[in-house]
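Shown below: final27.txt, with compact mmCIF, C-alpha atoms.
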```
# COMPACT_ATOMS: atom_id res chain seq x y z
CA MET A 19 0.00 0.00 0.00
CA LYS A 20 1.20 3.49 -0.81
CA THR A 21 1.50 5.18 2.56
CA ILE A 22 1.97 8.77 3.71
CA VAL A 23 3.52 9.22 7.16
CA ILE A 24 2.94 12.60 8.80
CA GLY A 25 5.07 13.65 11.76
CA ASP A 26 4.06 15.65 14.82
CA VAL A 27 1.22 18.08 14.01
CA HIS A 28 0.97 20.17 17.22
CA GLY A 29 -2.14 21.99 16.11
CA TYR A 30 -0.95 22.93 12.64
CA SER A 31 -2.94 22.15 9.50
CA SER A 32 0.18 21.28 7.47
CA TRP A 33 -1.21 17.75 7.07
CA LYS A 34 -3.77 19.21 4.67
CA ASN A 35 -0.96 20.61 2.51
CA ILE A 36 0.66 17.18 2.48
CA LEU A 37 -2.51 15.39 1.40
CA SER A 38 -3.11 17.99 -1.30
CA ASN A 39 0.45 17.40 -2.51
CA GLU A 40 -0.16 13.67 -3.11
CA GLN A 41 -2.59 12.22 -5.63
CA ASP A 42 -1.98 8.48 -5.36
CA PHE A 43 -1.95 6.91 -1.89
CA ASP A 44 -3.85 4.26 0.07
CA ARG A 45 -3.01 4.96 3.70
CA VAL A 46 -2.14 7.88 5.96
CA ILE A 47 -0.36 7.42 9.28
CA PHE A 48 -0.31 10.29 11.76
CA ILE A 49 2.58 9.77 14.16
CA GLY A 50 0.88 11.55 17.08
CA ASP A 51 1.18 14.83 19.04
CA TYR A 52 -1.89 16.57 17.67
CA LEU A 53 -1.95 19.10 20.53
CA ASP A 54 0.16 21.49 22.64
CA SER A 55 1.57 24.40 20.68
CA PHE A 56 3.07 27.67 21.82
CA THR A 57 2.02 29.45 18.61
CA VAL A 58 -1.34 27.92 17.60
CA SER A 59 -4.31 28.96 19.73
CA PRO A 60 -5.99 26.29 21.89
CA ARG A 61 -9.22 26.66 19.93
CA GLN A 62 -7.40 26.11 16.62
CA GLN A 63 -5.67 23.05 18.08
CA LEU A 64 -9.04 21.61 19.03
CA GLU A 65 -10.56 22.34 15.62
CA ASN A 66 -7.55 20.83 13.87
CA LEU A 67 -7.81 17.64 15.93
CA LEU A 68 -11.50 17.40 15.12
CA ASP A 69 -10.68 17.84 11.43
CA ILE A 70 -8.21 14.96 11.62
CA ILE A 71 -10.78 12.76 13.34
CA GLU A 72 -13.39 13.64 10.71
CA PHE A 73 -10.86 12.81 8.00
CA LYS A 74 -10.39 9.35 9.51
CA LYS A 75 -14.13 8.79 9.78
CA SER A 76 -15.01 9.97 6.27
CA SER A 77 -11.98 9.09 4.15
CA GLU A 78 -11.96 6.15 1.77
CA LYS A 79 -8.28 5.76 2.64
CA GLU A 80 -6.98 3.82 5.62
CA VAL A 81 -6.14 6.38 8.31
CA VAL A 82 -4.03 5.43 11.35
CA LEU A 83 -4.00 7.80 14.33
CA LEU A 84 -1.16 7.14 16.76
CA ILE A 85 -1.00 8.62 20.26
CA GLY A 86 1.82 10.97 21.25
CA ASN A 87 2.96 12.17 24.66
CA HIS A 88 1.21 15.51 24.07
CA ASP A 89 -2.04 13.62 23.55
CA TYR A 90 -1.55 11.06 26.31
CA HIS A 91 -1.92 13.56 29.17
CA TYR A 92 -5.43 14.43 27.95
CA LEU A 93 -6.66 10.84 27.88
CA PRO A 94 -9.45 10.07 30.37
CA GLY A 95 -8.03 9.09 33.74
CA VAL A 96 -4.44 10.13 33.00
CA VAL A 97 -2.97 12.64 35.47
CA ASP A 98 0.62 12.89 34.18
CA MET A 99 1.55 16.14 32.48
CA CYS A 100 4.43 17.23 30.26
CA SER A 101 5.57 20.56 28.87
CA GLY A 102 2.95 22.44 26.92
CA TYR A 103 0.06 21.01 28.93
CA GLN A 104 -2.98 23.30 28.71
CA PRO A 105 -5.11 22.97 31.85
CA SER A 106 -7.76 25.33 30.48
CA MET A 107 -8.37 22.90 27.60
CA ARG A 108 -8.33 19.71 29.65
CA GLU A 109 -12.09 19.24 29.61
CA SER A 110 -12.44 19.88 25.87
CA PHE A 111 -9.50 17.71 24.81
CA GLU A 112 -10.43 14.88 27.18
CA LYS A 113 -13.97 14.92 25.83
CA VAL A 114 -12.67 14.44 22.28
CA PHE A 115 -10.51 11.47 23.26
CA SER A 116 -13.27 10.00 25.43
CA GLU A 117 -15.74 10.10 22.54
CA ASN A 118 -13.25 8.90 19.90
CA GLY A 119 -10.89 6.70 21.88
CA ASP A 120 -11.44 3.72 19.60
CA LEU A 121 -9.95 5.68 16.69
CA PHE A 122 -6.52 6.04 18.32
CA GLN A 123 -3.76 3.51 19.01
CA VAL A 124 -0.18 3.44 20.25
CA ALA A 125 1.42 1.13 17.71
CA PHE A 126 0.92 -0.02 14.13
CA ILE A 127 2.65 -2.61 11.94
CA ASP A 128 2.38 -2.50 8.16
CA GLU A 129 2.51 -5.29 5.60
CA THR A 130 6.29 -4.88 5.21
CA LEU A 131 6.74 -5.25 9.00
CA LYS A 132 7.68 -1.65 9.73
CA LEU A 133 6.77 -0.66 13.28
CA TYR A 134 5.18 2.75 13.86
CA THR A 135 4.92 4.47 17.25
CA HIS A 136 5.28 8.04 18.42
CA ALA A 137 8.77 7.71 19.91
CA GLY A 138 9.91 4.10 19.45
CA VAL A 139 9.94 0.75 21.23
CA THR A 140 12.97 -0.49 23.16
CA LYS A 141 13.71 -3.96 24.45
CA GLY A 142 14.11 -2.44 27.92
CA TRP A 143 10.61 -0.98 27.95
CA LEU A 144 9.06 -4.24 26.78
CA ALA A 145 10.76 -6.03 29.67
CA ARG A 146 9.62 -3.36 32.15
CA ALA A 147 6.05 -3.63 30.87
CA GLY A 148 6.17 -7.44 31.00
CA ILE A 149 5.36 -7.84 27.32
CA SER A 150 6.46 -11.07 25.65
CA TRP A 151 5.56 -11.56 22.01
CA GLU A 152 5.67 -14.18 19.29
CA SER A 153 5.40 -11.94 16.23
CA LEU A 154 5.36 -8.23 15.44
CA GLU A 155 1.62 -8.43 14.93
CA ASP A 156 1.28 -9.96 18.39
CA LEU A 157 3.55 -7.26 19.83
CA VAL A 158 1.45 -4.43 18.37
CA GLU A 159 -1.77 -6.04 19.60
CA LYS A 160 -0.40 -6.28 23.14
CA ILE A 161 0.92 -2.71 23.17
CA ASN A 162 -2.42 -1.37 21.99
CA ALA A 163 -4.27 -3.41 24.59
CA LEU A 164 -1.98 -2.21 27.39
CA ILE A 165 -2.87 1.46 26.93
CA HIS A 166 -6.42 0.53 28.00
CA THR A 167 -5.63 -1.96 30.75
CA ASN A 168 -2.62 -0.24 32.37
CA PRO A 169 -1.84 3.20 30.93
CA TYR A 170 0.74 3.65 33.71
CA TYR A 171 3.36 1.98 31.49
CA PHE A 172 3.01 4.79 28.96
CA ALA A 173 3.72 7.55 31.47
CA TYR A 174 7.11 9.23 31.67
CA TYR A 175 9.58 6.92 33.44
CA ASP A 176 10.32 8.80 36.67
CA SER A 177 13.69 7.15 37.31
CA ASP A 178 15.04 8.79 34.16
CA MET A 179 17.41 11.43 35.51
CA SER A 180 18.04 12.99 32.10
CA GLY A 181 14.78 14.91 32.38
CA TYR A 182 14.45 14.47 28.65
CA GLY A 183 13.58 10.86 27.95
CA GLU A 184 17.10 9.55 27.34
CA HIS A 185 16.62 6.20 29.03
CA VAL A 186 16.18 2.75 27.50
CA LEU A 187 13.29 2.05 29.89
CA GLN A 188 11.24 4.96 28.56
CA GLY A 189 8.09 3.93 26.72
CA PRO A 190 6.93 4.40 23.13
CA LEU A 191 5.60 7.91 23.82
CA TRP A 192 8.81 9.25 25.40
CA VAL A 193 12.06 7.53 24.50
CA ARG A 194 14.63 9.71 22.75
CA PRO A 195 16.62 8.63 19.67
CA ASN A 196 19.99 7.91 21.31
CA SER A 197 18.40 5.49 23.78
CA LEU A 198 16.30 3.97 21.02
CA TYR A 199 19.38 3.40 18.85
CA LYS A 200 21.14 1.65 21.75
CA ASN A 201 18.26 -0.62 22.73
CA LYS A 202 16.07 -0.97 19.65
CA LEU A 203 14.33 -4.04 18.36
CA ASN A 204 15.70 -5.66 15.23
CA VAL A 205 13.01 -4.09 13.09
CA THR A 206 12.59 -0.91 11.04
CA GLN A 207 10.84 1.69 13.18
CA VAL A 208 9.12 4.92 12.12
CA VAL A 209 8.83 7.56 14.84
CA GLY A 210 8.39 11.25 15.55
CA HIS A 211 8.65 12.96 18.96
CA THR A 212 12.18 14.41 18.66
CA PRO A 213 12.79 17.14 16.06
CA VAL A 214 15.42 16.16 13.53
CA ASN A 215 18.62 18.17 13.22
CA GLY A 216 18.25 20.97 10.73
CA GLY A 217 14.56 20.32 10.40
CA ARG A 218 15.03 17.99 7.43
CA ILE A 219 14.85 14.19 7.32
CA ASN A 220 18.31 12.68 6.77
CA ILE A 221 17.52 9.71 4.55
CA ASN A 222 21.04 8.24 4.75
CA LYS A 223 21.09 8.32 8.56
CA CYS A 224 17.63 6.76 8.65
CA LYS A 225 18.75 3.92 6.39
CA ARG A 226 21.87 3.28 8.47
CA SER A 227 20.07 3.28 11.81
CA GLY A 228 16.83 1.61 10.76
CA ILE A 229 14.99 4.39 12.59
CA TRP A 230 13.01 6.82 10.42
CA ARG A 231 12.39 10.09 12.25
CA THR A 232 9.52 12.19 10.93
CA ASP A 233 9.37 15.24 13.22
CA ALA A 234 10.79 17.49 10.53
CA ILE A 235 9.97 21.07 9.66
CA CYS A 236 12.37 23.73 8.38
CA ARG A 237 10.94 27.25 8.12
CA ASN A 238 8.04 26.86 5.68
CA LEU A 239 9.04 23.39 4.45
CA LYS A 240 7.79 20.14 5.97
CA ASP A 241 9.30 16.75 5.17
CA TYR A 242 7.22 13.59 5.36
CA LEU A 243 7.57 9.97 4.32
CA PHE A 244 6.01 8.35 1.29
CA ILE A 245 6.21 4.56 1.28
CA ASP A 246 5.69 2.73 -2.02
CA ASP A 247 3.87 -0.56 -2.51
CA ASP A 248 7.15 -2.48 -2.26
CA GLY A 249 8.02 -0.87 1.09
CA THR A 250 10.60 1.57 -0.29
CA ILE A 251 10.69 4.72 1.83
CA ASN A 252 11.05 8.11 0.16
CA VAL A 253 11.20 11.58 1.65
CA HIS A 254 8.82 14.14 0.16
CA THR A 255 8.60 17.84 0.97
CA VAL A 256 5.70 20.28 0.93
CA GLN A 257 5.59 24.05 1.34
CA ILE A 258 3.39 25.21 4.19
CA ASP A 259 2.04 28.57 5.33
```

Please express the file's structure as C-alpha cells.
Amino acid sequence: MKTIVIGDVHGYSSWKNILSNEQDFDRVIFIGDYLDSFTVSPRQQLENLLDIIEFKKSSEKEVVLLIGNHDYHYLPGVVDMCSGYQPSMRESFEKVFSENGDLFQVAFIDETLKLYTHAGVTKGWLARAGISWESLEDLVEKINALIHTNPYYFAYYDSDMSGYGEHVLQGPLWVRPNSLYKNKLNVTQVVGHTPVNGGRININKCKRSGIWRTDAICRNLKDYLFIDDDGTINVHTVQID
C-alpha cells in the first residue's frame, strides 16, 4: 500500500498541505502529538484535531492515528503532564478522546513489518512492561491493549534522571533517539517525537540506523515519508504557510 507518514502536528494544518500534494496513496499514518503548541491557539488546536478525526471517519483511505505524549496527558483518567500542557483545555480535549478513543492507538505494523509508534519501542521498555511476544503483529496487539488496561506503562519513566527521555526504559511515547538506537528491536521503526537536526529528514542516517524520524519542519518546508507498494521509503517535501 502506498502510505503517507505525517510527523508531529501540534495543532498545525500542514497535514492538509501534504494530502493535497499527493494524488496516489492508500493509507495515511499520523505519528501523534496533535496538541500542545506555543504558537497555535488552543481553539485552533481543538478544531484541527476534530478535522483529523473527521478525515479518519469519512476518508476512503486507511487512516491510522497514533497517540503521542502531548495527547496522552489528555486521555481520560491520566494525570501525568508534560511541557505544553494546557489545563484550560483539559475538559475539551479529554472529551474528544473520550468520545473517539477507539480511533486512536499506540502502535501499528504495516505489511512490510515496519513498526510505527510516536517515539519508538525499546527492548528495555518491553521487559519493564512485562510484554512477551511471538510476532510483530502480536507485539502491536499487546501494546495497543496495554494502553487501555494499564496506561501507567506509557507515562514518563520517573527514574530517568536525564529529564528528557534519554533512558532505555522509557516507553513508546517518550524515548529519545539515542536510547532507542542503543536498545532498539531488530526491526525498522518509524517515529516522531524528537525534532530532527536541521529540520530535514536525513535519509542516509535513517537507512543506516533503521529508525526513520519524521518530526521534521524547516521554516516553511515540511518533510514527510512516502512509502511505495514495495516498502521503499522516500522523503517528500511540501511548502506550508

Q.
Can you tell me which residues surround Asn118 of chain A at a distance of at most 10 Å, considering all atoms listed in the file, apart from same-chain residues fewer than 6 positions away, and format the answer as a count of residues only?
A. 3

Q: Rank nothing, just name the residue among A:Lys202, A:His211, A:His28, A:Lys79 nearest to Thr135 of chain A, using all atoms listed in the file.
A: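 Between A:Lys202, A:His211, A:His28, A:Lys79, the residue approaching Thr135 of chain A most closely is A:His211.
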
Q.
Give me the residues near Val209 of chain A as number ranges by chain, where near means some atom within 9 Å (using all atoms listed in the file) and where sequence neighbours in that chain fewer than 5 positions away do not count.
A. A: 25, 49, 133-138, 229-233

Please identify every residue of segment 171-201 of chain A that has at least one atom no farther than 10 Å from an atom of segment 140-162 of chain A, counting all atoms listed in the file, and for each give the shortest atom pair and the distance in Å to one decimal, arranged by chain then increasing number, as a Markdown table.
```
| residue | atom | partner | partner_atom | distance |
| --- | --- | --- | --- | --- |
| A:Tyr171 | CA | A:Ala147 | CA | 6.3 |
| A:Phe172 | CA | A:Ala147 | CA | 9.2 |
| A:Tyr175 | CA | A:Trp143 | CA | 9.7 |
| A:His185 | CA | A:Gly142 | CA | 9.1 |
| A:Val186 | CA | A:Gly142 | CA | 5.6 |
| A:Leu187 | CA | A:Trp143 | CA | 4.5 |
| A:Gln188 | CA | A:Trp143 | CA | 6.0 |
| A:Gly189 | CA | A:Trp143 | CA | 5.7 |
| A:Pro190 | CA | A:Thr140 | CA | 7.8 |
| A:Val193 | CA | A:Thr140 | CA | 8.2 |
| A:Ser197 | CA | A:Thr140 | CA | 8.1 |
| A:Leu198 | CA | A:Thr140 | CA | 6.0 |
| A:Tyr199 | CA | A:Thr140 | CA | 8.6 |
| A:Lys200 | CA | A:Thr140 | CA | 8.6 |
| A:Asn201 | CA | A:Thr140 | CA | 5.3 |
```

Q.
When you look at Tyr170 of chain A with a cut-off of 12 Å (counting all atoms listed in the file), what residues show up, excluding the ones that are within fewer than 6 positions of it in the same chain? I need them as a VMD selection string.
A. chain A and resid 90 to 91 93 95 to 98 146 to 147 164 176 188 to 189 191

I need the chosen residues saved as a PDB file, in the coordinates of the input, with C-alpha atoms.
```pdb
ATOM      1  CA  TYR A  90      -1.550  11.060  26.310  1.00  0.00           C
ATOM      2  CA  HIS A  91      -1.920  13.560  29.170  1.00  0.00           C
ATOM      3  CA  LEU A  93      -6.660  10.840  27.880  1.00  0.00           C
ATOM      4  CA  GLY A  95      -8.030   9.090  33.740  1.00  0.00           C
ATOM      5  CA  VAL A  96      -4.440  10.130  33.000  1.00  0.00           C
ATOM      6  CA  VAL A  97      -2.970  12.640  35.470  1.00  0.00           C
ATOM      7  CA  ASP A  98       0.620  12.890  34.180  1.00  0.00           C
ATOM      8  CA  ARG A 146       9.620  -3.360  32.150  1.00  0.00           C
ATOM      9  CA  ALA A 147       6.050  -3.630  30.870  1.00  0.00           C
ATOM     10  CA  LEU A 164      -1.980  -2.210  27.390  1.00  0.00           C
ATOM     11  CA  ASP A 176      10.320   8.800  36.670  1.00  0.00           C
ATOM     12  CA  GLN A 188      11.240   4.960  28.560  1.00  0.00           C
ATOM     13  CA  GLY A 189       8.090   3.930  26.720  1.00  0.00           C
ATOM     14  CA  LEU A 191       5.600   7.910  23.820  1.00  0.00           C
TER      15      LEU A 191
END
```

Q: Considering only C-alpha atoms, state which residue in the set A:Leu53, A:Leu121, A:Met107, A:Val46 is at the smallest distance from Lys75 of chain A.
A: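 Looking at the shortest contact to Lys75 of chain A, the residue is A:Leu121.
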
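Here the question is which of A:Leu64, A:Ala163, A:Val139, A:Val253 gets nearest to Val114 of chain A using all atoms listed in the file, and that residue is A:Leu64.
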
Q) Of the residues A:Val82, A:Met179, A:Ala125, A:Ala234, which is the one nearest to Asp26 of chain A, using all atoms listed in the file? A) A:Ala234

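Take atom CA of Ile165 of chain A and atom CA of Thr130 of chain A: the distance between them is 24.4 Å.
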
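The spacing separating atom CA of Tyr92 of chain A from atom CA of Gln62 of chain A amounts to 16.4 Å.
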
From the coordinates I just gave you, please extract segment 120-239 of chain A so that only C-alpha atoms remain, then output it as a PDB file, in the first residue's frame.
```
ATOM      1  CA  ASP A 120     -11.445   3.716  19.604  1.00  0.00           C
ATOM      2  CA  LEU A 121      -9.948   5.679  16.694  1.00  0.00           C
ATOM      3  CA  PHE A 122      -6.519   6.037  18.319  1.00  0.00           C
ATOM      4  CA  GLN A 123      -3.764   3.515  19.008  1.00  0.00           C
ATOM      5  CA  VAL A 124      -0.176   3.436  20.253  1.00  0.00           C
ATOM      6  CA  ALA A 125       1.422   1.128  17.710  1.00  0.00           C
ATOM      7  CA  PHE A 126       0.919  -0.019  14.128  1.00  0.00           C
ATOM      8  CA  ILE A 127       2.648  -2.609  11.936  1.00  0.00           C
ATOM      9  CA  ASP A 128       2.384  -2.496   8.162  1.00  0.00           C
ATOM     10  CA  GLU A 129       2.509  -5.291   5.599  1.00  0.00           C
ATOM     11  CA  THR A 130       6.293  -4.884   5.206  1.00  0.00           C
ATOM     12  CA  LEU A 131       6.739  -5.246   9.003  1.00  0.00           C
ATOM     13  CA  LYS A 132       7.680  -1.646   9.734  1.00  0.00           C
ATOM     14  CA  LEU A 133       6.767  -0.657  13.283  1.00  0.00           C
ATOM     15  CA  TYR A 134       5.181   2.745  13.857  1.00  0.00           C
ATOM     16  CA  THR A 135       4.918   4.468  17.249  1.00  0.00           C
ATOM     17  CA  HIS A 136       5.276   8.041  18.419  1.00  0.00           C
ATOM     18  CA  ALA A 137       8.772   7.712  19.914  1.00  0.00           C
ATOM     19  CA  GLY A 138       9.908   4.097  19.453  1.00  0.00           C
ATOM     20  CA  VAL A 139       9.938   0.749  21.230  1.00  0.00           C
ATOM     21  CA  THR A 140      12.971  -0.487  23.164  1.00  0.00           C
ATOM     22  CA  LYS A 141      13.710  -3.957  24.452  1.00  0.00           C
ATOM     23  CA  GLY A 142      14.110  -2.438  27.920  1.00  0.00           C
ATOM     24  CA  TRP A 143      10.613  -0.979  27.954  1.00  0.00           C
ATOM     25  CA  LEU A 144       9.060  -4.245  26.778  1.00  0.00           C
ATOM     26  CA  ALA A 145      10.762  -6.032  29.668  1.00  0.00           C
ATOM     27  CA  ARG A 146       9.618  -3.358  32.147  1.00  0.00           C
ATOM     28  CA  ALA A 147       6.049  -3.631  30.872  1.00  0.00           C
ATOM     29  CA  GLY A 148       6.175  -7.440  31.002  1.00  0.00           C
ATOM     30  CA  ILE A 149       5.360  -7.843  27.315  1.00  0.00           C
ATOM     31  CA  SER A 150       6.455 -11.065  25.652  1.00  0.00           C
ATOM     32  CA  TRP A 151       5.562 -11.559  22.006  1.00  0.00           C
ATOM     33  CA  GLU A 152       5.674 -14.176  19.294  1.00  0.00           C
ATOM     34  CA  SER A 153       5.397 -11.936  16.228  1.00  0.00           C
ATOM     35  CA  LEU A 154       5.355  -8.231  15.443  1.00  0.00           C
ATOM     36  CA  GLU A 155       1.618  -8.430  14.931  1.00  0.00           C
ATOM     37  CA  ASP A 156       1.283  -9.961  18.387  1.00  0.00           C
ATOM     38  CA  LEU A 157       3.545  -7.258  19.834  1.00  0.00           C
ATOM     39  CA  VAL A 158       1.451  -4.431  18.370  1.00  0.00           C
ATOM     40  CA  GLU A 159      -1.765  -6.037  19.597  1.00  0.00           C
ATOM     41  CA  LYS A 160      -0.398  -6.285  23.143  1.00  0.00           C
ATOM     42  CA  ILE A 161       0.925  -2.709  23.171  1.00  0.00           C
ATOM     43  CA  ASN A 162      -2.420  -1.372  21.987  1.00  0.00           C
ATOM     44  CA  ALA A 163      -4.274  -3.414  24.593  1.00  0.00           C
ATOM     45  CA  LEU A 164      -1.977  -2.214  27.395  1.00  0.00           C
ATOM     46  CA  ILE A 165      -2.875   1.461  26.932  1.00  0.00           C
ATOM     47  CA  HIS A 166      -6.416   0.532  27.999  1.00  0.00           C
ATOM     48  CA  THR A 167      -5.627  -1.961  30.753  1.00  0.00           C
ATOM     49  CA  ASN A 168      -2.624  -0.242  32.367  1.00  0.00           C
ATOM     50  CA  PRO A 169      -1.844   3.201  30.928  1.00  0.00           C
ATOM     51  CA  TYR A 170       0.743   3.654  33.706  1.00  0.00           C
ATOM     52  CA  TYR A 171       3.357   1.977  31.495  1.00  0.00           C
ATOM     53  CA  PHE A 172       3.012   4.788  28.956  1.00  0.00           C
ATOM     54  CA  ALA A 173       3.719   7.554  31.468  1.00  0.00           C
ATOM     55  CA  TYR A 174       7.110   9.226  31.670  1.00  0.00           C
ATOM     56  CA  TYR A 175       9.583   6.919  33.443  1.00  0.00           C
ATOM     57  CA  ASP A 176      10.321   8.795  36.672  1.00  0.00           C
ATOM     58  CA  SER A 177      13.687   7.151  37.311  1.00  0.00           C
ATOM     59  CA  ASP A 178      15.045   8.787  34.162  1.00  0.00           C
ATOM     60  CA  MET A 179      17.415  11.430  35.511  1.00  0.00           C
ATOM     61  CA  SER A 180      18.038  12.986  32.105  1.00  0.00           C
ATOM     62  CA  GLY A 181      14.775  14.906  32.384  1.00  0.00           C
ATOM     63  CA  TYR A 182      14.448  14.470  28.653  1.00  0.00           C
ATOM     64  CA  GLY A 183      13.584  10.857  27.948  1.00  0.00           C
ATOM     65  CA  GLU A 184      17.097   9.552  27.345  1.00  0.00           C
ATOM     66  CA  HIS A 185      16.619   6.202  29.033  1.00  0.00           C
ATOM     67  CA  VAL A 186      16.179   2.753  27.500  1.00  0.00           C
ATOM     68  CA  LEU A 187      13.288   2.051  29.891  1.00  0.00           C
ATOM     69  CA  GLN A 188      11.241   4.962  28.556  1.00  0.00           C
ATOM     70  CA  GLY A 189       8.087   3.928  26.722  1.00  0.00           C
ATOM     71  CA  PRO A 190       6.933   4.404  23.135  1.00  0.00           C
ATOM     72  CA  LEU A 191       5.604   7.910  23.820  1.00  0.00           C
ATOM     73  CA  TRP A 192       8.805   9.252  25.403  1.00  0.00           C
ATOM     74  CA  VAL A 193      12.065   7.529  24.495  1.00  0.00           C
ATOM     75  CA  ARG A 194      14.635   9.711  22.749  1.00  0.00           C
ATOM     76  CA  PRO A 195      16.620   8.626  19.667  1.00  0.00           C
ATOM     77  CA  ASN A 196      19.990   7.907  21.309  1.00  0.00           C
ATOM     78  CA  SER A 197      18.404   5.492  23.777  1.00  0.00           C
ATOM     79  CA  LEU A 198      16.299   3.970  21.018  1.00  0.00           C
ATOM     80  CA  TYR A 199      19.376   3.401  18.853  1.00  0.00           C
ATOM     81  CA  LYS A 200      21.139   1.650  21.747  1.00  0.00           C
ATOM     82  CA  ASN A 201      18.263  -0.620  22.734  1.00  0.00           C
ATOM     83  CA  LYS A 202      16.070  -0.973  19.650  1.00  0.00           C
ATOM     84  CA  LEU A 203      14.334  -4.042  18.364  1.00  0.00           C
ATOM     85  CA  ASN A 204      15.699  -5.658  15.226  1.00  0.00           C
ATOM     86  CA  VAL A 205      13.009  -4.088  13.086  1.00  0.00           C
ATOM     87  CA  THR A 206      12.593  -0.908  11.042  1.00  0.00           C
ATOM     88  CA  GLN A 207      10.837   1.694  13.176  1.00  0.00           C
ATOM     89  CA  VAL A 208       9.115   4.918  12.118  1.00  0.00           C
ATOM     90  CA  VAL A 209       8.827   7.557  14.835  1.00  0.00           C
ATOM     91  CA  GLY A 210       8.386  11.251  15.547  1.00  0.00           C
ATOM     92  CA  HIS A 211       8.647  12.965  18.962  1.00  0.00           C
ATOM     93  CA  THR A 212      12.179  14.408  18.665  1.00  0.00           C
ATOM     94  CA  PRO A 213      12.788  17.140  16.056  1.00  0.00           C
ATOM     95  CA  VAL A 214      15.421  16.160  13.535  1.00  0.00           C
ATOM     96  CA  ASN A 215      18.618  18.166  13.225  1.00  0.00           C
ATOM     97  CA  GLY A 216      18.253  20.973  10.731  1.00  0.00           C
ATOM     98  CA  GLY A 217      14.558  20.324  10.397  1.00  0.00           C
ATOM     99  CA  ARG A 218      15.026  17.987   7.431  1.00  0.00           C
ATOM    100  CA  ILE A 219      14.850  14.193   7.321  1.00  0.00           C
ATOM    101  CA  ASN A 220      18.310  12.685   6.767  1.00  0.00           C
ATOM    102  CA  ILE A 221      17.524   9.712   4.553  1.00  0.00           C
ATOM    103  CA  ASN A 222      21.036   8.242   4.748  1.00  0.00           C
ATOM    104  CA  LYS A 223      21.091   8.317   8.558  1.00  0.00           C
ATOM    105  CA  CYS A 224      17.635   6.763   8.653  1.00  0.00           C
ATOM    106  CA  LYS A 225      18.747   3.919   6.394  1.00  0.00           C
ATOM    107  CA  ARG A 226      21.867   3.278   8.468  1.00  0.00           C
ATOM    108  CA  SER A 227      20.075   3.281  11.814  1.00  0.00           C
ATOM    109  CA  GLY A 228      16.833   1.606  10.759  1.00  0.00           C
ATOM    110  CA  ILE A 229      14.985   4.395  12.591  1.00  0.00           C
ATOM    111  CA  TRP A 230      13.009   6.818  10.422  1.00  0.00           C
ATOM    112  CA  ARG A 231      12.395  10.090  12.254  1.00  0.00           C
ATOM    113  CA  THR A 232       9.519  12.193  10.932  1.00  0.00           C
ATOM    114  CA  ASP A 233       9.367  15.236  13.225  1.00  0.00           C
ATOM    115  CA  ALA A 234      10.792  17.490  10.529  1.00  0.00           C
ATOM    116  CA  ILE A 235       9.966  21.067   9.660  1.00  0.00           C
ATOM    117  CA  CYS A 236      12.370  23.731   8.381  1.00  0.00           C
ATOM    118  CA  ARG A 237      10.945  27.247   8.116  1.00  0.00           C
ATOM    119  CA  ASN A 238       8.037  26.859   5.677  1.00  0.00           C
ATOM    120  CA  LEU A 239       9.041  23.394   4.447  1.00  0.00           C
TER     121      LEU A 239
END
```
